[in-house]
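Asker: You'll find data-v4.cif just under this line, and it carries mmCIF, N, CA and C atoms.
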```cif
data_structure
loop_
_atom_site.label_atom_id
_atom_site.label_comp_id
_atom_site.auth_asym_id
_atom_site.auth_seq_id
_atom_site.Cartn_x
_atom_site.Cartn_y
_atom_site.Cartn_z
N MET A 1369 -7.42 -32.73 -38.74
CA MET A 1369 -7.85 -31.63 -39.58
C MET A 1369 -9.25 -31.93 -40.12
N SER A 1370 -10.15 -30.96 -40.02
CA SER A 1370 -11.51 -31.19 -40.48
C SER A 1370 -11.63 -30.87 -41.97
N ALA A 1371 -12.67 -31.43 -42.56
CA ALA A 1371 -12.91 -31.24 -43.99
C ALA A 1371 -13.30 -29.79 -44.27
N PRO A 1372 -12.94 -29.28 -45.43
CA PRO A 1372 -13.34 -27.91 -45.80
C PRO A 1372 -14.86 -27.76 -45.81
N VAL A 1373 -15.30 -26.57 -45.51
CA VAL A 1373 -16.73 -26.25 -45.48
C VAL A 1373 -17.01 -25.23 -46.58
N GLY A 1374 -18.01 -25.46 -47.40
CA GLY A 1374 -18.41 -24.50 -48.42
C GLY A 1374 -19.19 -23.35 -47.79
N ILE A 1375 -19.32 -22.27 -48.51
CA ILE A 1375 -19.99 -21.08 -47.99
C ILE A 1375 -21.45 -21.35 -47.66
N ASP A 1376 -22.15 -22.16 -48.45
CA ASP A 1376 -23.56 -22.44 -48.15
C ASP A 1376 -23.70 -23.15 -46.81
N GLU A 1377 -22.81 -24.12 -46.56
CA GLU A 1377 -22.85 -24.82 -45.27
C GLU A 1377 -22.45 -23.89 -44.13
N LEU A 1378 -21.46 -23.05 -44.36
CA LEU A 1378 -21.05 -22.10 -43.33
C LEU A 1378 -22.19 -21.16 -42.97
N LEU A 1379 -22.88 -20.63 -43.98
CA LEU A 1379 -24.03 -19.76 -43.71
C LEU A 1379 -25.09 -20.49 -42.90
N GLU A 1380 -25.37 -21.72 -43.27
CA GLU A 1380 -26.37 -22.51 -42.55
C GLU A 1380 -25.97 -22.68 -41.09
N ARG A 1381 -24.69 -22.96 -40.86
CA ARG A 1381 -24.20 -23.15 -39.50
C ARG A 1381 -24.30 -21.88 -38.66
N VAL A 1382 -23.84 -20.75 -39.21
CA VAL A 1382 -23.86 -19.52 -38.41
C VAL A 1382 -25.29 -19.04 -38.19
N ARG A 1383 -26.14 -19.19 -39.18
CA ARG A 1383 -27.54 -18.76 -39.02
C ARG A 1383 -28.29 -19.59 -38.00
N ALA A 1384 -27.84 -20.81 -37.76
CA ALA A 1384 -28.48 -21.67 -36.76
C ALA A 1384 -28.21 -21.15 -35.35
N GLY A 1385 -27.25 -20.25 -35.21
CA GLY A 1385 -26.88 -19.74 -33.90
C GLY A 1385 -27.68 -18.55 -33.41
N TYR A 1386 -28.58 -18.04 -34.21
CA TYR A 1386 -29.39 -16.89 -33.81
C TYR A 1386 -30.64 -16.83 -34.70
N THR A 1387 -31.59 -15.98 -34.33
CA THR A 1387 -32.81 -15.82 -35.10
C THR A 1387 -32.69 -14.58 -35.98
N ARG A 1388 -32.81 -14.77 -37.28
CA ARG A 1388 -32.75 -13.65 -38.21
C ARG A 1388 -34.08 -12.91 -38.19
N VAL A 1389 -34.10 -11.68 -38.68
CA VAL A 1389 -35.33 -10.90 -38.70
C VAL A 1389 -35.67 -10.47 -40.13
N GLY A 1390 -36.96 -10.32 -40.38
CA GLY A 1390 -37.44 -9.80 -41.65
C GLY A 1390 -37.43 -8.28 -41.62
N ALA A 1391 -37.79 -7.69 -42.75
CA ALA A 1391 -37.73 -6.24 -42.89
C ALA A 1391 -38.64 -5.52 -41.90
N ARG A 1392 -39.89 -5.93 -41.80
CA ARG A 1392 -40.82 -5.28 -40.87
C ARG A 1392 -40.36 -5.42 -39.42
N GLU A 1393 -39.87 -6.62 -39.08
CA GLU A 1393 -39.40 -6.85 -37.72
C GLU A 1393 -38.17 -5.99 -37.43
N ALA A 1394 -37.29 -5.83 -38.40
CA ALA A 1394 -36.11 -4.97 -38.22
C ALA A 1394 -36.55 -3.52 -38.01
N TYR A 1395 -37.53 -3.10 -38.79
CA TYR A 1395 -38.05 -1.74 -38.65
C TYR A 1395 -38.63 -1.52 -37.25
N GLU A 1396 -39.46 -2.47 -36.80
CA GLU A 1396 -40.05 -2.37 -35.47
C GLU A 1396 -38.97 -2.38 -34.40
N ALA A 1397 -37.95 -3.23 -34.57
CA ALA A 1397 -36.85 -3.28 -33.60
C ALA A 1397 -36.14 -1.94 -33.53
N SER A 1398 -35.95 -1.30 -34.69
CA SER A 1398 -35.26 0.00 -34.69
C SER A 1398 -36.09 1.05 -33.95
N LEU A 1399 -37.41 0.96 -34.06
CA LEU A 1399 -38.27 1.90 -33.34
C LEU A 1399 -38.22 1.66 -31.83
N SER A 1400 -37.84 0.45 -31.45
CA SER A 1400 -37.74 0.09 -30.03
C SER A 1400 -36.32 0.21 -29.50
N GLY A 1401 -35.43 0.82 -30.27
CA GLY A 1401 -34.08 1.08 -29.78
C GLY A 1401 -32.98 0.21 -30.33
N ALA A 1402 -33.31 -0.76 -31.17
CA ALA A 1402 -32.25 -1.58 -31.78
C ALA A 1402 -31.41 -0.71 -32.72
N LEU A 1403 -30.15 -1.06 -32.83
CA LEU A 1403 -29.24 -0.35 -33.71
C LEU A 1403 -29.18 -1.06 -35.05
N LEU A 1404 -29.65 -0.39 -36.11
CA LEU A 1404 -29.50 -0.92 -37.46
C LEU A 1404 -28.12 -0.51 -37.96
N VAL A 1405 -27.37 -1.47 -38.47
CA VAL A 1405 -26.01 -1.19 -38.93
C VAL A 1405 -25.90 -1.61 -40.40
N ASP A 1406 -25.70 -0.63 -41.25
CA ASP A 1406 -25.60 -0.84 -42.69
C ASP A 1406 -24.14 -1.08 -43.06
N ILE A 1407 -23.83 -2.30 -43.51
CA ILE A 1407 -22.44 -2.63 -43.85
C ILE A 1407 -22.19 -2.62 -45.35
N ARG A 1408 -23.16 -2.15 -46.14
CA ARG A 1408 -22.96 -2.11 -47.60
C ARG A 1408 -21.85 -1.13 -47.95
N TYR A 1409 -21.18 -1.43 -49.05
CA TYR A 1409 -20.13 -0.51 -49.47
C TYR A 1409 -20.74 0.72 -50.13
N GLN A 1410 -19.93 1.74 -50.22
CA GLN A 1410 -20.40 3.08 -50.63
C GLN A 1410 -21.15 3.08 -51.95
N ALA A 1411 -20.68 2.37 -52.94
CA ALA A 1411 -21.34 2.39 -54.25
C ALA A 1411 -22.79 1.90 -54.15
N LEU A 1412 -23.05 0.91 -53.32
CA LEU A 1412 -24.42 0.42 -53.15
C LEU A 1412 -25.27 1.43 -52.40
N ARG A 1413 -24.68 2.08 -51.40
CA ARG A 1413 -25.44 3.11 -50.68
C ARG A 1413 -25.78 4.26 -51.60
N GLU A 1414 -24.84 4.65 -52.44
CA GLU A 1414 -25.09 5.74 -53.39
C GLU A 1414 -26.15 5.35 -54.41
N ARG A 1415 -26.10 4.10 -54.87
CA ARG A 1415 -27.05 3.63 -55.87
C ARG A 1415 -28.46 3.50 -55.31
N ASP A 1416 -28.58 2.90 -54.11
CA ASP A 1416 -29.90 2.53 -53.60
C ASP A 1416 -30.43 3.39 -52.48
N GLY A 1417 -29.58 4.17 -51.84
CA GLY A 1417 -30.02 5.00 -50.73
C GLY A 1417 -29.67 4.41 -49.38
N LEU A 1418 -30.15 5.10 -48.34
CA LEU A 1418 -29.84 4.75 -46.96
C LEU A 1418 -31.11 4.48 -46.17
N ILE A 1419 -30.98 3.68 -45.14
CA ILE A 1419 -32.07 3.50 -44.18
C ILE A 1419 -31.93 4.62 -43.17
N PRO A 1420 -32.96 5.47 -43.04
CA PRO A 1420 -32.85 6.58 -42.08
C PRO A 1420 -32.56 6.07 -40.67
N GLY A 1421 -31.57 6.68 -40.05
CA GLY A 1421 -31.21 6.32 -38.69
C GLY A 1421 -30.23 5.17 -38.56
N ALA A 1422 -29.94 4.47 -39.65
CA ALA A 1422 -28.99 3.36 -39.58
C ALA A 1422 -27.57 3.91 -39.44
N LEU A 1423 -26.77 3.20 -38.68
CA LEU A 1423 -25.37 3.53 -38.54
C LEU A 1423 -24.62 2.86 -39.69
N VAL A 1424 -23.89 3.63 -40.46
CA VAL A 1424 -23.13 3.09 -41.59
C VAL A 1424 -21.73 2.74 -41.10
N ILE A 1425 -21.41 1.45 -41.19
CA ILE A 1425 -20.07 0.96 -40.86
C ILE A 1425 -19.74 -0.08 -41.92
N GLU A 1426 -18.78 0.20 -42.75
CA GLU A 1426 -18.44 -0.79 -43.79
C GLU A 1426 -17.93 -2.06 -43.13
N ARG A 1427 -18.13 -3.16 -43.80
CA ARG A 1427 -17.88 -4.49 -43.24
C ARG A 1427 -16.48 -4.64 -42.65
N ASN A 1428 -15.47 -4.08 -43.28
CA ASN A 1428 -14.10 -4.27 -42.81
C ASN A 1428 -13.81 -3.55 -41.50
N GLU A 1429 -14.71 -2.71 -41.02
CA GLU A 1429 -14.52 -1.99 -39.76
C GLU A 1429 -15.49 -2.43 -38.66
N LEU A 1430 -16.40 -3.31 -38.99
CA LEU A 1430 -17.52 -3.61 -38.10
C LEU A 1430 -17.10 -4.02 -36.70
N GLU A 1431 -16.24 -5.01 -36.57
CA GLU A 1431 -15.87 -5.50 -35.25
C GLU A 1431 -15.17 -4.42 -34.42
N TRP A 1432 -14.32 -3.65 -35.04
CA TRP A 1432 -13.61 -2.59 -34.32
C TRP A 1432 -14.56 -1.51 -33.83
N ARG A 1433 -15.57 -1.23 -34.60
CA ARG A 1433 -16.50 -0.13 -34.26
C ARG A 1433 -17.60 -0.56 -33.28
N LEU A 1434 -17.96 -1.85 -33.26
CA LEU A 1434 -19.05 -2.28 -32.39
C LEU A 1434 -18.61 -3.03 -31.14
N ASP A 1435 -17.33 -3.33 -31.00
CA ASP A 1435 -16.84 -3.98 -29.78
C ASP A 1435 -16.93 -2.99 -28.63
N PRO A 1436 -17.81 -3.25 -27.65
CA PRO A 1436 -17.95 -2.30 -26.53
C PRO A 1436 -16.66 -2.12 -25.73
N LEU A 1437 -15.73 -3.06 -25.84
CA LEU A 1437 -14.47 -2.97 -25.11
C LEU A 1437 -13.35 -2.40 -25.98
N GLY A 1438 -13.62 -2.16 -27.24
CA GLY A 1438 -12.59 -1.75 -28.18
C GLY A 1438 -12.22 -0.28 -28.09
N SER A 1439 -10.99 0.00 -28.42
CA SER A 1439 -10.50 1.38 -28.37
C SER A 1439 -11.01 2.22 -29.55
N HIS A 1440 -11.54 1.58 -30.59
CA HIS A 1440 -12.05 2.30 -31.76
C HIS A 1440 -13.57 2.21 -31.89
N ARG A 1441 -14.23 1.91 -30.79
CA ARG A 1441 -15.68 1.70 -30.83
C ARG A 1441 -16.43 2.99 -31.16
N ALA A 1442 -17.55 2.79 -31.81
CA ALA A 1442 -18.46 3.89 -32.10
C ALA A 1442 -19.19 4.25 -30.80
N PRO A 1443 -19.63 5.50 -30.65
CA PRO A 1443 -20.36 5.89 -29.44
C PRO A 1443 -21.61 5.02 -29.21
N GLU A 1444 -22.17 4.49 -30.28
CA GLU A 1444 -23.38 3.66 -30.18
C GLU A 1444 -23.10 2.28 -29.58
N ALA A 1445 -21.84 1.87 -29.53
CA ALA A 1445 -21.46 0.55 -29.00
C ALA A 1445 -21.43 0.62 -27.48
N THR A 1446 -22.61 0.64 -26.89
CA THR A 1446 -22.77 0.92 -25.47
C THR A 1446 -22.62 -0.28 -24.55
N GLY A 1447 -22.68 -1.49 -25.07
CA GLY A 1447 -22.55 -2.66 -24.22
C GLY A 1447 -22.85 -3.94 -24.97
N HIS A 1448 -22.54 -5.05 -24.34
CA HIS A 1448 -22.73 -6.34 -24.98
C HIS A 1448 -24.21 -6.73 -25.10
N ASP A 1449 -25.08 -6.03 -24.39
CA ASP A 1449 -26.51 -6.33 -24.45
C ASP A 1449 -27.23 -5.56 -25.56
N LEU A 1450 -26.48 -4.77 -26.31
CA LEU A 1450 -27.05 -3.96 -27.39
C LEU A 1450 -27.71 -4.85 -28.45
N ARG A 1451 -28.91 -4.50 -28.84
CA ARG A 1451 -29.61 -5.20 -29.93
C ARG A 1451 -29.12 -4.59 -31.23
N VAL A 1452 -28.47 -5.40 -32.07
CA VAL A 1452 -27.91 -4.95 -33.34
C VAL A 1452 -28.54 -5.76 -34.47
N VAL A 1453 -28.98 -5.05 -35.51
CA VAL A 1453 -29.47 -5.71 -36.72
C VAL A 1453 -28.54 -5.28 -37.86
N VAL A 1454 -27.77 -6.23 -38.38
CA VAL A 1454 -26.81 -5.95 -39.44
C VAL A 1454 -27.53 -6.06 -40.78
N VAL A 1455 -27.28 -5.07 -41.64
CA VAL A 1455 -27.91 -5.01 -42.96
C VAL A 1455 -26.83 -4.95 -44.03
N CYS A 1456 -26.86 -5.91 -44.94
CA CYS A 1456 -26.00 -5.85 -46.13
C CYS A 1456 -26.93 -5.68 -47.33
N ASN A 1457 -26.49 -5.96 -48.51
CA ASN A 1457 -27.34 -5.75 -49.68
C ASN A 1457 -28.44 -6.79 -49.81
N GLU A 1458 -28.08 -8.08 -49.67
CA GLU A 1458 -29.07 -9.13 -49.90
C GLU A 1458 -29.17 -10.15 -48.76
N GLY A 1459 -28.45 -9.95 -47.66
CA GLY A 1459 -28.59 -10.82 -46.51
C GLY A 1459 -27.63 -11.99 -46.43
N TYR A 1460 -26.49 -11.89 -47.08
CA TYR A 1460 -25.48 -12.95 -46.99
C TYR A 1460 -24.30 -12.51 -46.12
N ALA A 1461 -23.64 -11.44 -46.51
CA ALA A 1461 -22.50 -10.94 -45.73
C ALA A 1461 -22.92 -10.57 -44.31
N SER A 1462 -24.16 -10.12 -44.17
CA SER A 1462 -24.65 -9.72 -42.84
C SER A 1462 -24.74 -10.91 -41.90
N SER A 1463 -24.99 -12.11 -42.43
CA SER A 1463 -25.06 -13.30 -41.58
C SER A 1463 -23.69 -13.60 -40.98
N LEU A 1464 -22.65 -13.52 -41.80
CA LEU A 1464 -21.29 -13.74 -41.31
C LEU A 1464 -20.89 -12.64 -40.34
N ALA A 1465 -21.33 -11.42 -40.61
CA ALA A 1465 -21.02 -10.29 -39.73
C ALA A 1465 -21.71 -10.47 -38.37
N ALA A 1466 -22.97 -10.89 -38.37
CA ALA A 1466 -23.68 -11.11 -37.11
C ALA A 1466 -23.00 -12.20 -36.29
N ALA A 1467 -22.55 -13.27 -36.94
CA ALA A 1467 -21.84 -14.34 -36.24
C ALA A 1467 -20.55 -13.80 -35.61
N SER A 1468 -19.87 -12.93 -36.31
CA SER A 1468 -18.65 -12.33 -35.79
C SER A 1468 -18.95 -11.47 -34.56
N LEU A 1469 -20.06 -10.74 -34.60
CA LEU A 1469 -20.45 -9.94 -33.44
C LEU A 1469 -20.80 -10.82 -32.25
N HIS A 1470 -21.42 -11.97 -32.51
CA HIS A 1470 -21.70 -12.93 -31.43
C HIS A 1470 -20.38 -13.37 -30.79
N ALA A 1471 -19.37 -13.61 -31.60
CA ALA A 1471 -18.06 -14.03 -31.08
C ALA A 1471 -17.45 -12.96 -30.17
N LEU A 1472 -17.81 -11.70 -30.39
CA LEU A 1472 -17.34 -10.59 -29.54
C LEU A 1472 -18.21 -10.41 -28.30
N GLY A 1473 -19.25 -11.23 -28.17
CA GLY A 1473 -20.11 -11.14 -27.00
C GLY A 1473 -21.38 -10.34 -27.19
N LEU A 1474 -21.62 -9.85 -28.40
CA LEU A 1474 -22.86 -9.12 -28.68
C LEU A 1474 -23.94 -10.15 -28.99
N HIS A 1475 -24.46 -10.75 -27.92
CA HIS A 1475 -25.34 -11.91 -28.03
C HIS A 1475 -26.71 -11.60 -28.63
N ARG A 1476 -27.07 -10.35 -28.74
CA ARG A 1476 -28.37 -9.98 -29.33
C ARG A 1476 -28.24 -9.54 -30.79
N ALA A 1477 -27.08 -9.72 -31.38
CA ALA A 1477 -26.87 -9.35 -32.78
C ALA A 1477 -27.61 -10.32 -33.70
N THR A 1478 -28.14 -9.78 -34.76
CA THR A 1478 -28.82 -10.58 -35.78
C THR A 1478 -28.61 -9.89 -37.12
N ASP A 1479 -29.26 -10.41 -38.15
CA ASP A 1479 -29.18 -9.74 -39.44
C ASP A 1479 -30.54 -9.77 -40.13
N LEU A 1480 -30.64 -8.93 -41.14
CA LEU A 1480 -31.88 -8.75 -41.89
C LEU A 1480 -31.93 -9.74 -43.04
N THR A 1481 -32.88 -10.65 -42.98
CA THR A 1481 -33.09 -11.61 -44.06
C THR A 1481 -33.40 -10.84 -45.35
N GLY A 1482 -32.64 -11.07 -46.39
CA GLY A 1482 -32.85 -10.38 -47.66
C GLY A 1482 -32.17 -9.03 -47.75
N GLY A 1483 -31.59 -8.57 -46.66
CA GLY A 1483 -30.82 -7.33 -46.65
C GLY A 1483 -31.59 -6.08 -47.04
N PHE A 1484 -30.83 -5.10 -47.48
CA PHE A 1484 -31.42 -3.81 -47.86
C PHE A 1484 -32.47 -3.99 -48.94
N GLN A 1485 -32.25 -4.93 -49.85
CA GLN A 1485 -33.21 -5.12 -50.94
C GLN A 1485 -34.57 -5.54 -50.39
N ALA A 1486 -34.61 -6.35 -49.34
CA ALA A 1486 -35.87 -6.75 -48.71
C ALA A 1486 -36.52 -5.56 -48.01
N TRP A 1487 -35.68 -4.73 -47.38
CA TRP A 1487 -36.18 -3.52 -46.71
C TRP A 1487 -36.89 -2.63 -47.73
N LYS A 1488 -36.20 -2.40 -48.83
CA LYS A 1488 -36.73 -1.54 -49.90
C LYS A 1488 -38.00 -2.14 -50.50
N ALA A 1489 -37.99 -3.45 -50.76
CA ALA A 1489 -39.16 -4.13 -51.35
C ALA A 1489 -40.37 -4.08 -50.42
N ALA A 1490 -40.12 -4.00 -49.11
CA ALA A 1490 -41.22 -3.92 -48.14
C ALA A 1490 -41.80 -2.51 -48.04
N GLY A 1491 -41.22 -1.58 -48.79
CA GLY A 1491 -41.73 -0.21 -48.79
C GLY A 1491 -41.35 0.58 -47.55
N LEU A 1492 -40.31 0.13 -46.86
CA LEU A 1492 -39.86 0.84 -45.66
C LEU A 1492 -39.03 2.07 -46.05
N PRO A 1493 -38.86 3.01 -45.12
CA PRO A 1493 -38.20 4.27 -45.47
C PRO A 1493 -36.78 4.11 -46.01
N VAL A 1494 -36.52 4.84 -47.09
CA VAL A 1494 -35.19 4.90 -47.71
C VAL A 1494 -34.94 6.36 -48.07
N THR A 1495 -33.75 6.82 -47.75
CA THR A 1495 -33.36 8.19 -48.08
C THR A 1495 -32.34 8.14 -49.21
N PRO A 1496 -32.57 8.87 -50.31
CA PRO A 1496 -31.56 8.90 -51.36
C PRO A 1496 -30.29 9.56 -50.87
N VAL A 1497 -29.17 9.12 -51.42
CA VAL A 1497 -27.89 9.73 -51.09
C VAL A 1497 -27.66 10.89 -52.04
N SER A 1498 -27.34 12.04 -51.45
CA SER A 1498 -27.06 13.22 -52.28
C SER A 1498 -25.71 13.06 -52.96
N PRO A 1499 -25.62 13.37 -54.25
CA PRO A 1499 -24.34 13.28 -54.92
C PRO A 1499 -23.33 14.25 -54.32
N VAL A 1500 -22.10 13.80 -54.24
CA VAL A 1500 -21.02 14.65 -53.69
C VAL A 1500 -20.67 15.68 -54.75
N SER A 1501 -20.65 16.95 -54.35
CA SER A 1501 -20.32 17.98 -55.32
C SER A 1501 -18.92 18.47 -55.19
#
```
Please rewrite the model in this file as structure tokens.

Answerer:
Amino acid sequence: MSAPVGIDELLERVRAGYTRVGAREAYEASLSGALLVDIRYQALRERDGLIPGALVIERNELEWRLDPLGSHRAPEATGHDLRVVVVCNEGYASSLAAASLHALGLHRATDLTGGFQAWKAAGLPVTPVSPVS
């Protein structure tokens, strides 16, 4: 049995398996066809807004929706070669999510360093969420 691993060490390990991207690089990747996937929960999206064109999939559904072989896949889950940039609020949960996508064979999956907050701080496009009436 191996020794327990803390979350900081786990993040370091999974991040060593791929190259993370910054906000500008994520934006450029999206313009070149990469799929931005926003895994933030609804309250954060309502509070801070949305990245235009990003696919919203909450974290608990991510693997089911992006597995190209899965029966519940999103139409955007076109193949294992798909370039995916996972976005969470600050860039922590997205690292674990990207590692999970790698385990499913999505070898080009990565995440946004600093998450949505870095995107917003870089002055990249954000659309406010309209209140539900």

Asker: Please determine, counting all atoms listed in the file, which residue among A:Val1382, A:Val1452, A:Ile1425, A:Leu1403 has the shortest atom-to-atom distance to His1475 in chain A.

Answerer: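 Checking each candidate against His1475 in chain A, we get A:Val1452 as the closest.
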
Asker: When the PyMOL selection byres ((chain A and resi 1477-1483) around 5) is applied to the file above, which residues end up in the set, as a ChimeraX atom specification?

Answerer: /A:1388-1390,1452-1454,1456-1459,1474-1476,1484-1487

Asker: Between A:Leu1412, A:Val1455, A:Ile1419, A:Met1369, which one has atoms that come closest to Pro1493 in chain A, using all atoms listed in the file?

Answerer: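 Closest residue, counting all atoms listed in the file: A:Ile1419.
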
Asker: Can you work out which one of A:Ala1391, A:Leu1434, A:Leu1399, A:Val1497 has the shortest atom-to-atom distance to Gly1417 in chain A, counting only N, CA and C atoms?

Answerer: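 The shortest atom-to-atom distance to Gly1417 in chain A comes from A:Val1497.
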
Asker: What's around Asp1376 in chain A at 12 Å? Count only C-alpha atoms, leave out sequence neighbours fewer than 3 positions away in its own chain, and write the answer as a PDB file with N, CA and C atoms, in the frame of the given file.

Answerer:
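See selection-v5.pdb below for the written result:
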```
ATOM      1  N   PRO A1372     -12.940 -29.280 -45.430  1.00  0.00           N
ATOM      2  CA  PRO A1372     -13.340 -27.910 -45.800  1.00  0.00           C
ATOM      3  C   PRO A1372     -14.860 -27.760 -45.810  1.00  0.00           C
ATOM      4  N   VAL A1373     -15.300 -26.570 -45.510  1.00  0.00           N
ATOM      5  CA  VAL A1373     -16.730 -26.250 -45.480  1.00  0.00           C
ATOM      6  C   VAL A1373     -17.010 -25.230 -46.580  1.00  0.00           C
ATOM      7  N   LEU A1379     -22.880 -20.630 -43.980  1.00  0.00           N
ATOM      8  CA  LEU A1379     -24.030 -19.760 -43.710  1.00  0.00           C
ATOM      9  C   LEU A1379     -25.090 -20.490 -42.900  1.00  0.00           C
ATOM     10  N   GLU A1380     -25.370 -21.720 -43.270  1.00  0.00           N
ATOM     11  CA  GLU A1380     -26.370 -22.510 -42.550  1.00  0.00           C
ATOM     12  C   GLU A1380     -25.970 -22.680 -41.090  1.00  0.00           C
ATOM     13  N   ARG A1381     -24.690 -22.960 -40.860  1.00  0.00           N
ATOM     14  CA  ARG A1381     -24.200 -23.150 -39.500  1.00  0.00           C
ATOM     15  C   ARG A1381     -24.300 -21.880 -38.660  1.00  0.00           C
ATOM     16  N   VAL A1382     -23.840 -20.750 -39.210  1.00  0.00           N
ATOM     17  CA  VAL A1382     -23.860 -19.520 -38.410  1.00  0.00           C
ATOM     18  C   VAL A1382     -25.290 -19.040 -38.190  1.00  0.00           C
ATOM     19  N   ARG A1383     -26.140 -19.190 -39.180  1.00  0.00           N
ATOM     20  CA  ARG A1383     -27.540 -18.760 -39.020  1.00  0.00           C
ATOM     21  C   ARG A1383     -28.290 -19.590 -38.000  1.00  0.00           C
ATOM     22  N   TYR A1460     -26.490 -11.890 -47.080  1.00  0.00           N
ATOM     23  CA  TYR A1460     -25.480 -12.950 -46.990  1.00  0.00           C
ATOM     24  C   TYR A1460     -24.300 -12.510 -46.120  1.00  0.00           C
ATOM     25  N   ALA A1461     -23.640 -11.440 -46.510  1.00  0.00           N
ATOM     26  CA  ALA A1461     -22.500 -10.940 -45.730  1.00  0.00           C
ATOM     27  C   ALA A1461     -22.920 -10.570 -44.310  1.00  0.00           C
ATOM     28  N   SER A1463     -24.990 -12.110 -42.430  1.00  0.00           N
ATOM     29  CA  SER A1463     -25.060 -13.300 -41.580  1.00  0.00           C
ATOM     30  C   SER A1463     -23.690 -13.600 -40.980  1.00  0.00           C
ATOM     31  N   LEU A1464     -22.650 -13.520 -41.800  1.00  0.00           N
ATOM     32  CA  LEU A1464     -21.290 -13.740 -41.310  1.00  0.00           C
ATOM     33  C   LEU A1464     -20.890 -12.640 -40.340  1.00  0.00           C
TER      34      LEU A1464
END
```

Asker: For the atom pair CA of Val1494 in chain A and CA of Gly1447 in chain A, what is the interatomic distance in Å to one decimal place?

Answerer: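 Separation of CA of Val1494 in chain A and CA of Gly1447 in chain A: 27.7 Å.
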
Asker: At what distance in Å, to one decimal, does CA of Thr1495 in chain A lie from CA of Glu1414 in chain A?

Answerer: 10.1 Å

Asker: What is the atom C of Asp1435 in chain A to CA of Arg1392 in chain A distance in Å?

Answerer: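 Computed distance, atom C of Asp1435 in chain A to CA of Arg1392 in chain A, equals 26.9 Å.
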
Asker: Name the residues of range 1394-1426 of chain A that come out as helix (DSSP H, G or I) in a backbone DSSP run; write them as a ChimeraX atom specification.

Answerer: /A:1394-1399,1410-1416

Asker: Would you save the residues of that selection, restricted to N, CA and C atoms, as an mmCIF file, keeping the file's coordinate frame?

Answerer:
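This is the output file selection.cif:
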```cif
data_model
loop_
_atom_site.group_PDB
_atom_site.id
_atom_site.type_symbol
_atom_site.label_atom_id
_atom_site.label_comp_id
_atom_site.auth_asym_id
_atom_site.auth_seq_id
_atom_site.Cartn_x
_atom_site.Cartn_y
_atom_site.Cartn_z
ATOM 1 N N ALA A 1394 -37.290 -5.830 -38.400
ATOM 2 C CA ALA A 1394 -36.110 -4.970 -38.220
ATOM 3 C C ALA A 1394 -36.550 -3.520 -38.010
ATOM 4 N N TYR A 1395 -37.530 -3.100 -38.790
ATOM 5 C CA TYR A 1395 -38.050 -1.740 -38.650
ATOM 6 C C TYR A 1395 -38.630 -1.520 -37.250
ATOM 7 N N GLU A 1396 -39.460 -2.470 -36.800
ATOM 8 C CA GLU A 1396 -40.050 -2.370 -35.470
ATOM 9 C C GLU A 1396 -38.970 -2.380 -34.400
ATOM 10 N N ALA A 1397 -37.950 -3.230 -34.570
ATOM 11 C CA ALA A 1397 -36.850 -3.280 -33.600
ATOM 12 C C ALA A 1397 -36.140 -1.940 -33.530
ATOM 13 N N SER A 1398 -35.950 -1.300 -34.690
ATOM 14 C CA SER A 1398 -35.260 0.000 -34.690
ATOM 15 C C SER A 1398 -36.090 1.050 -33.950
ATOM 16 N N LEU A 1399 -37.410 0.960 -34.060
ATOM 17 C CA LEU A 1399 -38.270 1.900 -33.340
ATOM 18 C C LEU A 1399 -38.220 1.660 -31.830
ATOM 19 N N GLN A 1410 -19.930 1.740 -50.220
ATOM 20 C CA GLN A 1410 -20.400 3.080 -50.630
ATOM 21 C C GLN A 1410 -21.150 3.080 -51.950
ATOM 22 N N ALA A 1411 -20.680 2.370 -52.940
ATOM 23 C CA ALA A 1411 -21.340 2.390 -54.250
ATOM 24 C C ALA A 1411 -22.790 1.900 -54.150
ATOM 25 N N LEU A 1412 -23.050 0.910 -53.320
ATOM 26 C CA LEU A 1412 -24.420 0.420 -53.150
ATOM 27 C C LEU A 1412 -25.270 1.430 -52.400
ATOM 28 N N ARG A 1413 -24.680 2.080 -51.400
ATOM 29 C CA ARG A 1413 -25.440 3.110 -50.680
ATOM 30 C C ARG A 1413 -25.780 4.260 -51.600
ATOM 31 N N GLU A 1414 -24.840 4.650 -52.440
ATOM 32 C CA GLU A 1414 -25.090 5.740 -53.390
ATOM 33 C C GLU A 1414 -26.150 5.350 -54.410
ATOM 34 N N ARG A 1415 -26.100 4.100 -54.870
ATOM 35 C CA ARG A 1415 -27.050 3.630 -55.870
ATOM 36 C C ARG A 1415 -28.460 3.500 -55.310
ATOM 37 N N ASP A 1416 -28.580 2.900 -54.110
ATOM 38 C CA ASP A 1416 -29.900 2.530 -53.600
ATOM 39 C C ASP A 1416 -30.430 3.390 -52.480
#
```

Asker: Can you work out which one of A:Leu1418, A:Ala1471, A:Glu1396, A:Leu1430 has the shortest atom-to-atom distance to Lys1488 in chain A, counting only C-alpha atoms?

Answerer: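 Checking each of A:Leu1418, A:Ala1471, A:Glu1396, A:Leu1430 against Lys1488 in chain A, counting only C-alpha atoms, the winner is A:Leu1418.
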